[in-house]
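**Student:** Sharing query-v6.txt below, compact mmCIF, C-alpha atoms:
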```txt
# COMPACT_ATOMS: atom_id res chain seq x y z
CA MET A 1 0.00 0.00 0.00
CA PRO A 2 1.45 3.39 -0.95
CA ILE A 3 2.19 5.94 1.74
CA LYS A 4 -0.16 8.88 1.57
CA ARG A 5 1.26 12.32 1.99
CA PRO A 6 -0.52 14.69 4.32
CA ARG A 7 -2.84 16.94 2.40
CA THR A 8 -1.93 20.59 2.68
CA PRO A 9 -4.82 22.97 2.06
CA ARG A 10 -4.36 25.25 -0.91
CA THR A 11 -4.11 28.96 -0.32
CA LEU A 12 -7.31 30.89 -0.87
CA SER A 13 -7.86 34.24 -2.53
CA GLU A 14 -9.78 37.02 -0.75
CA PRO A 15 -13.23 36.04 -2.15
CA GLU A 16 -12.53 32.39 -1.33
CA LEU A 17 -11.40 33.37 2.17
CA LEU A 18 -14.66 35.26 2.66
CA GLU A 19 -16.67 32.22 1.58
CA TYR A 20 -14.56 29.99 3.87
CA ALA A 21 -15.09 32.37 6.81
CA VAL A 22 -18.86 32.57 6.28
CA LYS A 23 -19.14 28.77 6.15
CA SER A 24 -16.98 28.49 9.26
CA LEU A 25 -19.11 31.01 11.16
CA ALA A 26 -22.28 29.25 10.01
CA SER A 27 -21.20 26.06 11.75
CA LYS A 28 -20.00 27.60 15.03
CA MET A 29 -19.73 31.08 16.51
CA LYS A 30 -16.19 32.39 16.79
CA SER A 31 -14.35 35.38 18.16
CA GLU A 32 -12.43 37.65 15.84
CA ARG A 33 -9.12 36.21 17.03
CA ASP A 34 -10.26 32.63 16.42
CA MET A 35 -11.53 33.55 12.96
CA ARG A 36 -8.25 35.25 12.08
CA GLN A 37 -6.31 32.15 13.17
CA ARG A 38 -8.47 29.87 11.04
CA MET A 39 -8.05 32.11 7.99
CA ARG A 40 -4.30 32.47 8.57
CA ASP A 41 -3.92 28.74 7.87
CA ARG A 42 -5.65 29.15 4.51
CA ALA A 43 -4.42 32.58 3.37
CA GLU A 44 -1.30 33.27 1.37
CA PRO A 45 1.75 33.67 3.58
CA GLY A 46 3.17 37.11 4.11
CA GLU A 47 1.85 40.63 3.70
CA GLU A 48 -0.59 39.76 0.94
CA GLY A 49 -2.38 37.15 3.07
CA ALA A 50 -2.52 39.49 6.08
CA LEU A 51 -4.17 42.19 3.96
CA ALA A 52 -6.70 39.69 2.61
CA ILE A 53 -7.54 38.54 6.16
CA ASP A 54 -8.01 42.15 7.29
CA ALA A 55 -10.31 42.85 4.34
CA VAL A 56 -12.38 39.73 5.04
CA VAL A 57 -12.71 40.64 8.74
CA VAL A 58 -13.93 44.13 7.80
CA LYS A 59 -16.54 42.63 5.44
CA LEU A 60 -17.68 40.11 8.05
CA LYS A 61 -18.17 42.93 10.55
CA GLU A 62 -20.07 45.00 7.97
CA TYR A 63 -22.42 42.09 7.28
CA GLY A 64 -22.88 41.55 11.02
CA TYR A 65 -21.47 38.03 10.93
CA LEU A 66 -18.55 38.71 13.27
CA SER A 67 -18.92 40.57 16.55
CA ASP A 68 -16.87 40.01 19.69
CA GLU A 69 -19.60 41.71 21.77
CA ARG A 70 -22.27 39.32 20.53
CA PHE A 71 -19.90 36.35 20.81
CA ALA A 72 -19.05 37.21 24.43
CA ALA A 73 -22.71 37.65 25.38
CA ASP A 74 -23.78 34.39 23.72
CA TYR A 75 -20.82 32.43 25.11
CA THR A 76 -21.52 33.74 28.61
CA ARG A 77 -25.24 32.99 28.40
CA ILE A 78 -24.68 29.44 27.15
CA ARG A 79 -22.00 28.63 29.74
CA GLN A 80 -24.15 30.06 32.53
CA GLU A 81 -27.51 28.57 31.57
CA THR A 82 -26.49 25.24 30.10
CA ASP A 83 -23.24 24.33 31.86
CA LYS A 84 -24.13 26.15 35.12
CA PHE A 85 -20.59 27.53 35.40
CA GLY A 86 -19.57 30.24 37.80
CA GLN A 87 -18.28 33.65 36.80
CA ARG A 88 -14.56 32.82 37.01
CA ARG A 89 -14.83 29.81 34.72
CA VAL A 90 -16.68 31.82 32.08
CA GLN A 91 -14.13 34.63 32.43
CA GLN A 92 -11.29 32.19 31.77
CA GLY A 93 -13.07 30.84 28.69
CA LEU A 94 -13.61 34.30 27.24
CA MET A 95 -9.99 35.26 27.86
CA GLN A 96 -8.84 32.07 26.11
CA LYS A 97 -11.00 32.98 23.13
CA GLY A 98 -9.18 36.31 22.81
CA ILE A 99 -11.89 38.65 24.05
CA ALA A 100 -10.55 41.95 25.40
CA ASN A 101 -10.53 42.35 29.19
CA PRO A 102 -12.85 45.41 29.34
CA LEU A 103 -15.42 43.58 27.21
CA VAL A 104 -15.12 40.48 29.41
CA LYS A 105 -15.75 42.52 32.56
CA GLN A 106 -18.70 44.33 30.99
CA THR A 107 -20.29 41.10 29.73
CA LEU A 108 -19.84 39.23 33.01
CA ALA A 109 -21.19 42.14 35.03
CA ALA A 110 -24.34 42.19 32.91
CA ALA A 111 -24.81 38.41 32.95
CA TYR A 112 -24.03 37.67 36.61
CA ASP A 113 -25.40 40.88 38.16
CA ASP A 114 -28.59 39.37 39.53
CA VAL A 115 -27.53 35.70 39.70
CA ASP A 116 -27.55 33.92 43.06
CA GLU A 117 -24.18 32.18 43.02
CA VAL A 118 -25.16 29.64 45.67
CA ALA A 119 -28.26 28.62 43.70
CA LEU A 120 -26.14 28.37 40.54
CA ALA A 121 -23.62 26.17 42.40
CA ARG A 122 -26.47 23.91 43.56
CA ALA A 123 -27.72 23.72 39.96
CA TYR A 124 -24.20 22.74 38.88
CA ILE A 125 -24.16 20.00 41.54
CA ALA A 126 -27.50 18.69 40.30
CA ARG A 127 -26.34 18.80 36.68
CA LYS A 128 -23.16 16.89 37.48
CA ARG A 129 -25.03 14.51 39.81
CA MET A 130 -22.60 15.11 42.62
CA LYS A 131 -23.59 13.28 45.77
CA GLN A 132 -23.51 14.55 49.30
CA PRO A 133 -20.61 13.02 51.26
CA SER A 134 -21.94 10.35 53.59
CA CYS A 135 -19.43 7.88 54.97
CA ASP A 136 -17.12 7.58 57.92
CA ARG A 137 -15.36 10.75 59.01
CA GLU A 138 -12.15 10.26 57.00
CA GLN A 139 -13.98 9.31 53.80
CA LYS A 140 -16.42 12.21 54.29
CA GLN A 141 -13.51 14.66 54.50
CA LYS A 142 -12.03 13.30 51.27
CA GLU A 143 -15.34 13.53 49.45
CA THR A 144 -15.95 17.03 50.78
CA ALA A 145 -12.51 18.13 49.57
CA LYS A 146 -13.21 16.59 46.16
CA ALA A 147 -16.56 18.41 45.92
CA MET A 148 -14.89 21.67 46.96
CA ARG A 149 -12.21 21.31 44.26
CA ARG A 150 -14.82 20.59 41.60
CA LEU A 151 -16.92 23.60 42.56
CA ILE A 152 -13.94 25.94 42.61
CA ALA A 153 -12.82 24.58 39.22
CA ALA A 154 -16.33 25.29 37.93
CA GLY A 155 -15.76 28.97 38.73
CA PHE A 156 -17.57 29.51 42.00
CA SER A 157 -16.24 31.73 44.77
CA THR A 158 -15.03 30.10 47.95
CA GLY A 159 -17.80 31.81 49.91
CA ALA A 160 -20.48 30.20 47.74
CA VAL A 161 -18.73 26.83 47.93
CA TRP A 162 -18.62 26.99 51.73
CA LYS A 163 -22.33 27.84 51.90
CA VAL A 164 -23.20 24.86 49.70
CA LEU A 165 -20.98 22.50 51.70
CA ARG A 166 -22.39 23.76 55.00
CA GLY A 167 -25.82 22.96 53.61
CA TRP A 168 -24.56 19.38 53.32
CA ASP A 169 -23.52 19.47 57.00
CA ALA A 170 -19.92 19.06 55.92
CA GLU A 171 -17.13 20.15 58.20
CA VAL A 172 -15.51 23.05 56.38
CA GLU A 173 -12.68 25.13 57.76
CA GLU A 174 -13.01 28.61 56.35
CA VAL A 175 -9.85 30.45 55.44
CA ASP A 176 -9.69 34.12 54.63
CA VAL A 177 -9.16 34.26 50.89
CA VAL A 178 -8.87 37.45 48.88
CA ASP A 179 -11.49 37.23 46.16
CA ASP A 180 -10.05 38.76 42.97
CA SER A 181 -12.95 37.71 40.79
CA VAL A 182 -13.55 39.97 37.84
```
Could you write out this structure as structure tokens?
**Tutor:**
Amino acid sequence: MPIKRPRTPRTLSEPELLEYAVKSLASKMKSERDMRQRMRDRAEPGEEGALAIDAVVVKLKEYGYLSDERFAADYTRIRQETDKFGQRRVQQGLMQKGIANPLVKQTLAAAYDDVDEVALARAYIARKRMKQPSCDREQKQKETAKAMRRLIAAGFSTGAVWKVLRGWDAEVEEVDVVDDSV
């Protein structure tokens, strides 16, 4: 059997890049940075490709297909409502997607302004089917620590985590932690 060479995508012209970008955005929402990275793989290398990418981004914004503000709002809403993530976890996701810090702060403030973090943490627990620790003392401490790590990784503040764990009658030693969330 012959060895197949890896297929390298051909470089696309500006109109082809626009078509590629529209198809890409039709399948999944993307931030401007993510869209630029995808097009960079398909554009001509060098100055000519960079100019074509810039022109395509301008057209996408004109058509209303590409908007970091709309992307941030939709991403935040989906992660909050569907995944039940806390504010920090959503903030990390937006930063990884290349959204500017002021826009991240503005979006999170609007989305999490009237959200009860403890209720959201309980919804996360229900969604993940986490069980209340109920064993001997040593096993209960291990399970409580595991639940605490999962909730903090899901983006909840330590204060909200402690309230949830106290609701489980878990022994939790509170430590003063500076909360630098958003």
**Student:** Stretch 39-49 of chain A: which residues within 7 Å, counting only C-alpha atoms, same-chain residues fewer than 5 positions away excluded, as a VMD selection string?
**Tutor:** chain A and resid 9 to 12 17
**Student:** Taking the point (-22.7, 15.3, 45.1) as given in the file, collect each protein or nucleic acid residue that comes within 10 Å of it, counting only C-alpha atoms, and present the set as a VMD selection string.
**Tutor:** chain A and resid 122 124 to 134 143 to 144 146 to 147 165 168
**Student:** What is the distance between atom CA of A:Pro6 and atom CA of A:Arg38, in Å to one decimal?
**Tutor:**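 Value for the atom CA of A:Pro6-atom CA of A:Arg38 distance: 18.4 Å.
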**Student:** Name the residues, using the chain letters and numbers of the file, that sit within 12 Å of (-16.1, 29.4, 6.7) when counting only C-alpha atoms, and give them as a ChimeraX atom specification.
**Tutor:** /A:12,15-30,34-36,38-39,42,56-57,60,65-66
**Student:** Identify which of the residues A:Lys4, A:Arg166, A:Arg70, A:Arg79 lies closest to A:Ile99, counting only C-alpha atoms when measuring atom-to-atom distances.
**Tutor:** A:Arg70
**Student:** So, counting all atoms listed in the file, which residue among A:Ile3, A:Gln87, A:Ala145, A:Gly64 is closest to A:Lys105?
**Tutor:**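 Of A:Ile3, A:Gln87, A:Ala145, A:Gly64, the one nearest A:Lys105, counting all atoms listed in the file, is A:Gln87.
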**Student:** Which one of A:Ile152, A:Ala110, A:Val104, A:Ala121 sits closest to A:Asp83 if you count only C-alpha atoms?
**Tutor:**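 Of A:Ile152, A:Ala110, A:Val104, A:Ala121, the one nearest A:Asp83, counting only C-alpha atoms, is A:Ala121.
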**Student:** Go ahead and compute the interatomic distance for atom CA of A:Phe71 and atom CA of A:Leu51, in Å to one decimal.
**Tutor:**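 It comes out at 23.8 Å.
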**Student:** Out of A:Glu32, A:Asp136, A:Ser157, A:Ala111, which residue has the shortest atom-to-atom distance to A:Val58 when counting only C-alpha atoms?
**Tutor:**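 Ranked by minimum distance to A:Val58, first place goes to A:Glu32.
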**Student:** Would you compute the distance between atom CA of A:Trp162 and atom CA of A:Gln141? Give it in Å to one decimal.
**Tutor:**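 These two atoms are separated by 13.6 Å.
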**Student:** Determine, counting all atoms listed in the file, which protein, DNA and RNA residues have an atom within 10 Å of an atom of A:Ala119; residues of the same chain fewer than 6 positions away are not included. Present the result as a ChimeraX atom specification.
**Tutor:** /A:84,125,160,164
**Student:** Between A:Arg88, A:Gln80, A:Gly93, A:Ala72, which residue has the minimum interatomic distance to A:Gln106, considering only C-alpha atoms?
**Tutor:**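 Comparing A:Arg88, A:Gln80, A:Gly93, A:Ala72 against A:Gln106, the winner is A:Ala72.
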**Student:** Which one is closest to A:Gln96: A:Arg150, A:Arg33, A:Arg5, A:Lys142? Count only C-alpha atoms.
**Tutor:**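 Under the stated criterion, the closest residue is A:Arg33.
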**Student:** Could I see stretch 102-115 of chain A restored to N, CA and C atoms, set down as a CSV table (one decimal), keeping the file's coordinate frame?
**Tutor:**
```csv
chain,number,residue,atom,x,y,z
A,102,PRO,N,-11.7,44.5,29.0
A,102,PRO,CA,-12.8,45.4,29.3
A,102,PRO,C,-14.2,44.8,28.9
A,103,LEU,N,-14.2,44.2,27.7
A,103,LEU,CA,-15.4,43.6,27.2
A,103,LEU,C,-15.8,42.4,28.1
A,104,VAL,N,-14.8,41.6,28.5
A,104,VAL,CA,-15.1,40.5,29.4
A,104,VAL,C,-15.8,41.0,30.7
A,105,LYS,N,-15.2,42.0,31.3
A,105,LYS,CA,-15.8,42.5,32.6
A,105,LYS,C,-17.2,43.0,32.4
A,106,GLN,N,-17.4,43.8,31.3
A,106,GLN,CA,-18.7,44.3,31.0
A,106,GLN,C,-19.7,43.2,30.8
A,107,THR,N,-19.4,42.2,30.0
A,107,THR,CA,-20.3,41.1,29.7
A,107,THR,C,-20.6,40.3,31.0
A,108,LEU,N,-19.6,40.0,31.8
A,108,LEU,CA,-19.8,39.2,33.0
A,108,LEU,C,-20.7,40.0,34.0
A,109,ALA,N,-20.4,41.3,34.1
A,109,ALA,CA,-21.2,42.1,35.0
A,109,ALA,C,-22.7,42.1,34.6
A,110,ALA,N,-22.9,42.2,33.4
A,110,ALA,CA,-24.3,42.2,32.9
A,110,ALA,C,-25.0,40.8,33.1
A,111,ALA,N,-24.2,39.8,32.9
A,111,ALA,CA,-24.8,38.4,33.0
A,111,ALA,C,-25.0,37.9,34.4
A,112,TYR,N,-24.0,38.2,35.2
A,112,TYR,CA,-24.0,37.7,36.6
A,112,TYR,C,-24.5,38.7,37.7
A,113,ASP,N,-25.0,39.8,37.2
A,113,ASP,CA,-25.4,40.9,38.2
A,113,ASP,C,-26.5,40.4,39.1
A,114,ASP,N,-27.5,39.8,38.7
A,114,ASP,CA,-28.6,39.4,39.5
A,114,ASP,C,-28.7,37.9,39.7
A,115,VAL,N,-27.6,37.2,39.6
A,115,VAL,CA,-27.5,35.7,39.7
A,115,VAL,C,-27.1,35.3,41.1
```
